[in-house]
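Engineer: Okay, so here is structure07.json, and as you'll see once you scroll down, it has JSON, C-alpha atoms.
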[["chain", "number", "residue", "atom", "x", "y", "z"],
["A", 155, "MET", "CA", 42.81, -52.89, -247.21],
["A", 156, "ASN", "CA", 39.85, -50.68, -248.12],
["A", 157, "ASN", "CA", 38.67, -48.92, -244.95],
["A", 158, "ASP", "CA", 35.19, -48.45, -246.44],
["A", 159, "LEU", "CA", 34.95, -52.22, -246.86],
["A", 160, "LYS", "CA", 36.00, -52.76, -243.23],
["A", 161, "MET", "CA", 33.36, -50.33, -242.01],
["A", 162, "GLN", "CA", 30.61, -51.68, -244.27],
["A", 163, "THR", "CA", 31.31, -55.26, -243.19],
["A", 164, "ALA", "CA", 31.34, -54.25, -239.52],
["A", 165, "ARG", "CA", 28.04, -52.42, -239.99],
["A", 166, "ASP", "CA", 26.53, -55.45, -241.73],
["A", 167, "LEU", "CA", 27.68, -57.91, -239.06],
["A", 168, "LEU", "CA", 26.31, -55.71, -236.28],
["A", 169, "SER", "CA", 22.99, -55.18, -238.07],
["A", 170, "ILE", "CA", 22.23, -58.92, -238.30],
["A", 171, "ARG", "CA", 23.83, -59.66, -234.92],
["A", 172, "ALA", "CA", 26.46, -61.89, -236.46],
["A", 173, "VAL", "CA", 28.74, -59.95, -234.12],
["A", 174, "PHE", "CA", 26.89, -59.28, -230.87],
["A", 175, "PHE", "CA", 28.46, -57.38, -227.97],
["A", 176, "ARG", "CA", 27.17, -58.00, -224.44],
["A", 177, "PRO", "CA", 29.83, -56.71, -222.03],
["A", 178, "GLU", "CA", 27.37, -56.40, -219.14],
["A", 179, "GLU", "CA", 26.44, -60.10, -219.39],
["A", 180, "PRO", "CA", 29.45, -61.98, -220.77],
["A", 181, "PHE", "CA", 29.28, -65.18, -222.77],
["A", 182, "THR", "CA", 31.37, -68.16, -221.64],
["A", 183, "TRP", "CA", 33.56, -69.85, -224.23],
["A", 184, "ALA", "CA", 34.20, -73.62, -224.21],
["A", 185, "SER", "CA", 37.61, -72.85, -222.70],
["A", 186, "GLY", "CA", 35.87, -71.20, -219.74],
["A", 187, "ILE", "CA", 37.00, -67.69, -220.73],
["A", 188, "LYS", "CA", 34.39, -64.97, -220.25],
["A", 189, "SER", "CA", 33.79, -62.99, -223.45],
["A", 190, "PRO", "CA", 31.88, -59.75, -224.12],
["A", 191, "VAL", "CA", 31.30, -60.75, -227.74],
["A", 192, "TYR", "CA", 29.51, -63.50, -229.60],
["A", 193, "CYS", "CA", 30.40, -64.02, -233.26],
["A", 194, "ASP", "CA", 28.35, -66.21, -235.61],
["A", 195, "ASN", "CA", 29.12, -65.38, -239.22],
["A", 196, "ARG", "CA", 26.86, -68.21, -240.39],
["A", 197, "LEU", "CA", 24.09, -65.66, -239.99],
["A", 198, "THR", "CA", 25.43, -63.89, -243.08],
["A", 199, "LEU", "CA", 24.21, -66.85, -245.15],
["A", 200, "THR", "CA", 20.58, -66.18, -244.20],
["A", 201, "ALA", "CA", 20.77, -62.43, -244.89],
["A", 202, "PRO", "CA", 20.97, -62.20, -248.72],
["A", 203, "GLU", "CA", 22.03, -58.54, -249.02],
["A", 204, "VAL", "CA", 24.74, -58.94, -246.40],
["A", 205, "ARG", "CA", 25.77, -62.26, -247.89],
["A", 206, "THR", "CA", 26.24, -60.65, -251.32],
["A", 207, "ARG", "CA", 28.45, -57.90, -249.92],
["A", 208, "VAL", "CA", 30.48, -60.37, -247.85],
["A", 209, "GLU", "CA", 31.12, -62.79, -250.71],
["A", 210, "GLU", "CA", 31.93, -60.01, -253.18],
["A", 211, "GLY", "CA", 34.21, -58.52, -250.54],
["A", 212, "LEU", "CA", 36.06, -61.80, -250.06],
["A", 213, "ALA", "CA", 36.46, -62.11, -253.83],
["A", 214, "ALA", "CA", 37.87, -58.57, -253.93],
["A", 215, "LEU", "CA", 40.40, -59.42, -251.19],
["A", 216, "ILE", "CA", 41.56, -62.48, -253.10],
["A", 217, "ARG", "CA", 41.96, -60.51, -256.34],
["A", 218, "GLU", "CA", 43.92, -57.81, -254.52],
["A", 219, "HIS", "CA", 46.12, -59.88, -252.21],
["A", 220, "TYR", "CA", 46.33, -63.30, -253.87],
["A", 221, "PRO", "CA", 45.96, -62.70, -257.62],
["A", 222, "GLN", "CA", 47.73, -66.00, -258.39],
["A", 223, "ALA", "CA", 45.04, -68.08, -256.63],
["A", 224, "GLU", "CA", 44.12, -71.26, -258.50],
["A", 225, "VAL", "CA", 41.97, -73.08, -255.93],
["A", 226, "LEU", "CA", 39.89, -72.01, -252.91],
["A", 227, "MET", "CA", 39.69, -74.30, -249.90],
["A", 228, "GLY", "CA", 37.09, -73.73, -247.18],
["A", 229, "THR", "CA", 37.54, -74.63, -243.54],
["A", 230, "SER", "CA", 35.13, -77.18, -242.13],
["A", 231, "THR", "CA", 32.40, -76.35, -241.59],
["A", 232, "ALA", "CA", 32.02, -72.58, -241.40],
["A", 233, "GLY", "CA", 34.18, -71.71, -244.39],
["A", 234, "ILE", "CA", 32.68, -74.20, -246.85],
["A", 235, "ALA", "CA", 29.69, -72.16, -248.01],
["A", 236, "HIS", "CA", 31.78, -69.00, -248.36],
["A", 237, "ALA", "CA", 34.44, -70.81, -250.39],
["A", 238, "ALA", "CA", 31.76, -72.24, -252.67],
["A", 239, "ILE", "CA", 30.07, -68.89, -253.30],
["A", 240, "VAL", "CA", 33.32, -66.98, -253.79],
["A", 241, "GLY", "CA", 34.64, -69.75, -256.03],
["A", 242, "HIS", "CA", 31.51, -69.38, -258.15],
["A", 243, "LEU", "CA", 31.91, -65.59, -258.35],
["A", 244, "MET", "CA", 35.56, -65.92, -259.39],
["A", 245, "GLY", "CA", 35.23, -68.94, -261.65],
["A", 246, "LEU", "CA", 37.68, -70.89, -259.46],
["A", 247, "PRO", "CA", 37.54, -74.49, -258.28],
["A", 248, "MET", "CA", 36.88, -75.02, -254.60],
["A", 249, "GLY", "CA", 37.03, -77.75, -252.04],
["A", 250, "TYR", "CA", 37.29, -77.99, -248.29],
["A", 251, "VAL", "CA", 39.40, -79.53, -245.57],
["A", 252, "ARG", "CA", 37.79, -81.77, -242.98],
["A", 253, "SER", "CA", 38.75, -81.48, -239.31],
["A", 254, "GLY", "CA", 39.87, -85.12, -239.59],
["A", 255, "ALA", "CA", 40.13, -87.79, -242.28],
["A", 256, "LYS", "CA", 36.99, -89.78, -243.10],
["A", 257, "ASP", "CA", 36.87, -93.27, -241.61],
["A", 258, "HIS", "CA", 35.38, -94.78, -244.78],
["A", 259, "GLY", "CA", 35.70, -94.71, -248.57],
["A", 260, "ARG", "CA", 38.93, -93.05, -249.70],
["A", 261, "GLN", "CA", 39.46, -91.61, -246.19],
["A", 262, "ASN", "CA", 39.89, -88.11, -247.58],
["A", 263, "GLN", "CA", 40.64, -85.13, -245.38],
["A", 264, "ILE", "CA", 40.78, -82.80, -248.37],
["A", 265, "GLU", "CA", 37.55, -82.86, -250.39],
["A", 266, "GLY", "CA", 37.75, -81.76, -254.00],
["A", 267, "ARG", "CA", 40.57, -82.10, -256.52],
["A", 268, "LEU", "CA", 43.89, -80.64, -255.44],
["A", 269, "GLU", "CA", 47.07, -81.14, -257.45],
["A", 270, "PRO", "CA", 50.56, -80.78, -255.91],
["A", 271, "GLY", "CA", 51.95, -77.31, -256.57],
["A", 272, "GLN", "CA", 48.57, -75.60, -256.98],
["A", 273, "LYS", "CA", 48.27, -72.16, -255.44],
["A", 274, "VAL", "CA", 45.57, -72.23, -252.76],
["A", 275, "VAL", "CA", 43.74, -69.60, -250.72],
["A", 276, "VAL", "CA", 41.98, -70.78, -247.56],
["A", 277, "VAL", "CA", 38.54, -69.27, -246.89],
["A", 278, "GLU", "CA", 37.63, -68.94, -243.20],
["A", 279, "ASP", "CA", 34.80, -67.15, -241.43],
["A", 280, "LEU", "CA", 36.53, -66.18, -238.19],
["A", 281, "ILE", "CA", 40.08, -65.92, -236.85],
["A", 282, "SER", "CA", 40.57, -65.92, -233.07],
["A", 283, "THR", "CA", 43.61, -67.79, -231.75],
["A", 284, "GLY", "CA", 44.44, -69.07, -235.25],
["A", 285, "GLY", "CA", 44.80, -72.72, -234.27],
["A", 286, "SER", "CA", 42.15, -74.27, -236.50],
["A", 287, "VAL", "CA", 43.08, -72.41, -239.67],
["A", 288, "ILE", "CA", 46.77, -73.23, -239.17],
["A", 289, "GLU", "CA", 45.84, -76.92, -238.99],
["A", 290, "VAL", "CA", 44.02, -76.57, -242.33],
["A", 291, "VAL", "CA", 47.02, -74.85, -243.90],
["A", 292, "ASN", "CA", 49.31, -77.62, -242.63],
["A", 293, "VAL", "CA", 47.09, -80.32, -244.17],
["A", 294, "LEU", "CA", 47.17, -78.51, -247.51],
["A", 295, "ARG", "CA", 50.93, -78.01, -247.37],
["A", 296, "GLN", "CA", 51.44, -81.69, -246.59],
["A", 297, "ALA", "CA", 49.37, -82.48, -249.71],
["A", 298, "GLY", "CA", 51.81, -80.42, -251.78],
["A", 299, "ALA", "CA", 49.75, -77.24, -252.17],
["A", 300, "GLU", "CA", 51.33, -73.80, -252.18],
["A", 301, "VAL", "CA", 49.17, -71.95, -249.67],
["A", 302, "LEU", "CA", 49.21, -68.26, -250.58],
["A", 303, "GLY", "CA", 47.28, -67.27, -247.47],
["A", 304, "VAL", "CA", 43.90, -66.95, -245.83],
["A", 305, "VAL", "CA", 40.89, -64.68, -246.32],
["A", 306, "SER", "CA", 38.35, -64.36, -243.55],
["A", 307, "ILE", "CA", 35.28, -62.33, -242.68],
["A", 308, "PHE", "CA", 36.28, -61.27, -239.16],
["A", 309, "THR", "CA", 39.40, -61.38, -237.00],
["A", 310, "TYR", "CA", 39.77, -60.64, -233.31],
["A", 311, "GLY", "CA", 43.35, -59.43, -233.75],
["A", 312, "MET", "CA", 44.35, -61.20, -230.54],
["A", 313, "LYS", "CA", 48.06, -61.24, -229.76],
["A", 314, "LYS", "CA", 48.11, -65.04, -229.47],
["A", 315, "GLY", "CA", 46.46, -65.46, -232.84],
["A", 316, "LEU", "CA", 48.76, -62.98, -234.59],
["A", 317, "GLU", "CA", 51.83, -64.64, -233.09],
["A", 318, "ARG", "CA", 50.72, -68.14, -234.08],
["A", 319, "LEU", "CA", 49.96, -67.10, -237.66],
["A", 320, "ALA", "CA", 53.34, -65.38, -237.94],
["A", 321, "GLU", "CA", 55.17, -68.40, -236.53],
["A", 322, "ALA", "CA", 53.41, -70.70, -239.01],
["A", 323, "GLN", "CA", 54.13, -68.22, -241.84],
["A", 324, "VAL", "CA", 50.43, -67.90, -242.60],
["A", 325, "ARG", "CA", 49.13, -64.60, -243.95],
["A", 326, "ASN", "CA", 45.52, -63.64, -243.20],
["A", 327, "VAL", "CA", 43.49, -60.79, -244.67],
["A", 328, "SER", "CA", 40.07, -60.10, -243.12],
["A", 329, "LEU", "CA", 37.10, -58.07, -244.30],
["A", 330, "THR", "CA", 36.83, -56.46, -240.87],
["A", 331, "ASP", "CA", 38.17, -56.79, -237.36],
["A", 332, "PHE", "CA", 37.29, -56.55, -233.68],
["A", 333, "ASP", "CA", 38.60, -53.01, -233.22],
["A", 334, "THR", "CA", 36.66, -51.57, -236.16],
["A", 335, "THR", "CA", 33.47, -53.32, -235.10],
["A", 336, "ALA", "CA", 33.78, -52.26, -231.46],
["A", 337, "ARG", "CA", 34.36, -48.63, -232.48],
["A", 338, "LEU", "CA", 31.34, -48.67, -234.79],
["A", 339, "ALA", "CA", 29.21, -50.37, -232.12],
["A", 340, "ALA", "CA", 29.99, -47.50, -229.74],
["A", 341, "GLU", "CA", 29.34, -44.85, -232.39],
["A", 342, "GLU", "CA", 26.00, -46.33, -233.44],
["A", 343, "GLY", "CA", 24.66, -47.11, -229.97],
["A", 344, "TYR", "CA", 24.96, -50.89, -229.88],
["A", 345, "ILE", "CA", 27.05, -50.48, -226.72],
["A", 346, "LYS", "CA", 27.66, -47.65, -224.25],
["A", 347, "PRO", "CA", 30.56, -45.32, -225.17],
["A", 348, "GLY", "CA", 32.58, -46.44, -222.15],
["A", 349, "ASP", "CA", 32.28, -50.08, -223.16],
["A", 350, "GLU", "CA", 34.66, -49.77, -226.12],
["A", 351, "ALA", "CA", 37.68, -49.61, -223.80],
["A", 352, "ARG", "CA", 36.44, -52.71, -221.97],
["A", 353, "LEU", "CA", 36.11, -54.59, -225.23],
["A", 354, "LEU", "CA", 39.64, -53.66, -226.29],
["A", 355, "ALA", "CA", 40.96, -54.75, -222.87],
["A", 356, "PHE", "CA", 39.38, -58.16, -223.49],
["A", 357, "ARG", "CA", 40.99, -58.33, -226.94],
["A", 358, "ASP", "CA", 44.39, -57.48, -225.47],
["A", 359, "ASP", "CA", 44.22, -60.31, -222.92],
["A", 360, "PRO", "CA", 41.14, -62.58, -222.89],
["A", 361, "SER", "CA", 42.40, -64.40, -219.78],
["A", 362, "ASP", "CA", 42.35, -61.16, -217.74],
["A", 363, "GLU", "CA", 38.76, -60.64, -216.65],
["A", 364, "SER", "CA", 39.27, -57.23, -215.04],
["A", 365, "TRP", "CA", 37.30, -55.64, -217.92],
["A", 366, "ILE", "CA", 34.13, -57.21, -216.47],
["A", 367, "GLY", "CA", 34.16, -54.66, -213.63],
["A", 368, "GLY", "CA", 32.15, -52.09, -215.55],
["A", 369, "ALA", "CA", 32.40, -49.10, -217.85],
["A", 370, "ASP", "CA", 33.82, -45.81, -216.62]]
Any chance you could give the structure as structure tokens?

Structural biologist:
Amino acid sequence: MNNDLKMQTARDLLSIRAVFFRPEEPFTWASGIKSPVYCDNRLTLTAPEVRTRVEEGLAALIREHYPQAEVLMGTSTAGIAHAAIVGHLMGLPMGYVRSGAKDHGRQNQIEGRLEPGQKVVVVEDLISTGGSVIEVVNVLRQAGAEVLGVVSIFTYGMKKGLERLAEAQVRNVSLTDFDTTARLAAEEGYIKPGDEARLLAFRDDPSDESWIGGAD
């Protein structure tokens, strides 16, 4: 993985607040967990220069790590636009996987043509606990696809997510990650220097809220 690409992506995501750290006033996830970070990579779509670097970066990851890719499949809904743009850049067909089968028409869960045995790369915007992308991979495998792996824009690198991906035998390669972005945020003044350790404590165990106590 190109470290320059990791740093450039982290810088881009911070600059448009697609990744936004607020350790002094945590966000609350749907699960009730308090989080010092908010991640919305959809914002890359409305920032053309960042979008270009992100999509070209995803294409570069696929060429490097999954050169046999025949089809790109986006996750619904966040990965769809990225799969479409990267598919266009690479001259590859794309489709996407719904979170559930349609209740009308052909009742598809996989949209787009997919033949059994085709080599597929899943395009995702964000990896946290890994649950949703593993579900997508399972749907594709059940349809007879050979899933080479996943590319994503950002990963938290949480222990739970890494363990679940490994158990499901799903490989993920991300443009950047939580640790790189937190380090850059401290270096460039988005957060106080002491906050980096708090952020990493959250990443190590999101259910342990002792990091909220304050920076040293």

Engineer: Work out how far apart CA of Val276 (chain A) and CA of Arg207 (chain A) are and give it in Å to one decimal.

Structural biologist: 18.8 Å

Engineer: Grab the CA of Asp359 (chain A) to CA of His236 (chain A) distance for me, in Å with one decimal place.

Structural biologist: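 Interatomic distance here is 29.6 Å.
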
Engineer: Might you pull out every residue within 7 Å of region 329-346 of chain A, with only C-alpha atoms counted and same-chain residues fewer than 6 positions away left off, and present them as a list in words?

Structural biologist: Leu159, Lys160, Met161, Thr163, Ala164, Gly211, Leu212, Ser306, Ile307, Phe308, Thr309, Tyr310 and Gly311 of chain A

Engineer: Would you put the residues from that selection into a file with C-alpha atoms, as a short mmCIF file (atom, residue, chain, number, x, y, z; two decimals), keeping the file's coordinate frame?

Structural biologist:
data_model
loop_
_atom_site.label_atom_id
_atom_site.label_comp_id
_atom_site.auth_asym_id
_atom_site.auth_seq_id
_atom_site.Cartn_x
_atom_site.Cartn_y
_atom_site.Cartn_z
CA LEU A 159 34.95 -52.22 -246.86
CA LYS A 160 36.00 -52.76 -243.23
CA MET A 161 33.36 -50.33 -242.01
CA THR A 163 31.31 -55.26 -243.19
CA ALA A 164 31.34 -54.25 -239.52
CA GLY A 211 34.21 -58.52 -250.54
CA LEU A 212 36.06 -61.80 -250.06
CA SER A 306 38.35 -64.36 -243.55
CA ILE A 307 35.28 -62.33 -242.68
CA PHE A 308 36.28 -61.27 -239.16
CA THR A 309 39.40 -61.38 -237.00
CA TYR A 310 39.77 -60.64 -233.31
CA GLY A 311 43.35 -59.43 -233.75
#

Engineer: Ranking A:Glu317, A:Asp279, A:Asp358, A:Asp349 by minimum distance to Ala237 (chain A) and counting all atoms listed in the file, which one comes first?

Structural biologist: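 Closest candidate: A:Asp279.
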
Engineer: Quick one: residues within 6 Å of region 262-275 of chain A, all atoms listed in the file, excluding same-chain residues fewer than 3 positions away - as number ranges by chain?

Structural biologist: A: 223-226, 249-252, 254-256, 298-304

Engineer: Suppose you want the space between CA of Ser230 (chain A) and CA of Gly285 (chain A); what is it in Å?

Structural biologist: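 Straight-line distance from CA of Ser230 (chain A) to CA of Gly285 (chain A) works out to 13.2 Å.
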
Engineer: Within 12 Å of Leu243 (chain A), counting all atoms listed in the file, which residues qualify if same-chain residues fewer than 2 places away don't, as a PyMOL selection string?

Structural biologist: chain A and resi 206-214+216-217+226+236-241+245-248

Engineer: Can you write just those residues out, C-alpha atoms, as a PDB file, in the frame of the given file?

Structural biologist:
ATOM      1  CA  THR A 206      26.240 -60.650-251.320  1.00  0.00           C
ATOM      2  CA  ARG A 207      28.450 -57.900-249.920  1.00  0.00           C
ATOM      3  CA  VAL A 208      30.480 -60.370-247.850  1.00  0.00           C
ATOM      4  CA  GLU A 209      31.120 -62.790-250.710  1.00  0.00           C
ATOM      5  CA  GLU A 210      31.930 -60.010-253.180  1.00  0.00           C
ATOM      6  CA  GLY A 211      34.210 -58.520-250.540  1.00  0.00           C
ATOM      7  CA  LEU A 212      36.060 -61.800-250.060  1.00  0.00           C
ATOM      8  CA  ALA A 213      36.460 -62.110-253.830  1.00  0.00           C
ATOM      9  CA  ALA A 214      37.870 -58.570-253.930  1.00  0.00           C
ATOM     10  CA  ILE A 216      41.560 -62.480-253.100  1.00  0.00           C
ATOM     11  CA  ARG A 217      41.960 -60.510-256.340  1.00  0.00           C
ATOM     12  CA  LEU A 226      39.890 -72.010-252.910  1.00  0.00           C
ATOM     13  CA  HIS A 236      31.780 -69.000-248.360  1.00  0.00           C
ATOM     14  CA  ALA A 237      34.440 -70.810-250.390  1.00  0.00           C
ATOM     15  CA  ALA A 238      31.760 -72.240-252.670  1.00  0.00           C
ATOM     16  CA  ILE A 239      30.070 -68.890-253.300  1.00  0.00           C
ATOM     17  CA  VAL A 240      33.320 -66.980-253.790  1.00  0.00           C
ATOM     18  CA  GLY A 241      34.640 -69.750-256.030  1.00  0.00           C
ATOM     19  CA  GLY A 245      35.230 -68.940-261.650  1.00  0.00           C
ATOM     20  CA  LEU A 246      37.680 -70.890-259.460  1.00  0.00           C
ATOM     21  CA  PRO A 247      37.540 -74.490-258.280  1.00  0.00           C
ATOM     22  CA  MET A 248      36.880 -75.020-254.600  1.00  0.00           C
TER      23      MET A 248
END

Engineer: Calculated over all atoms listed in the file, which of the candidates A:Val191, A:Val204, A:Gln162, A:Ser282 has the smallest distance to Arg176 (chain A)?

Structural biologist: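 Looking only at the distances to Arg176 (chain A), the closest residue turns out to be A:Val191.
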
Engineer: Nearest to Cys193 (chain A): which of A:Arg357, A:Arg165, A:Ser253, A:Leu280 is it, counting all atoms listed in the file?

Structural biologist: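 Using all atoms listed in the file, the shortest distance to Cys193 (chain A) belongs to A:Leu280.
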
Engineer: Excluding same-chain residues fewer than 5 positions from Trp365 (chain A), what lies within 8 Å of it counting all atoms listed in the file, as an MDAnalysis selection string?

Structural biologist: chainID A and resid 352:353 355:356

Engineer: Which residue out of A:Met244, A:Ala172, A:Ile187, A:Ile281 has the minimum interatomic distance to Leu319 (chain A) when all atoms listed in the file are used?

Structural biologist: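 Smallest distance to Leu319 (chain A) is found for A:Ile281.
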
Engineer: Looking at all atoms listed in the file, which of A:Asp166, A:Asp158, A:Glu179, A:Glu218 is the one that sits closest to Arg205 (chain A)?

Structural biologist: A:Asp166

Engineer: Tell me, as a PyMOL selection string, which residues lie within 7 Å of Val290 (chain A), counting only C-alpha atoms; anything in the same chain fewer than 3 positions away does not count.

Structural biologist: chain A and resi 229+251+286-287+293-294

Engineer: Given the choices A:Lys314, A:Arg325, A:Arg295, A:His219, which gets closest to Asn156 (chain A) if the distance is worked out from only C-alpha atoms?

Structural biologist: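 Under the stated criterion, the closest residue is A:His219.
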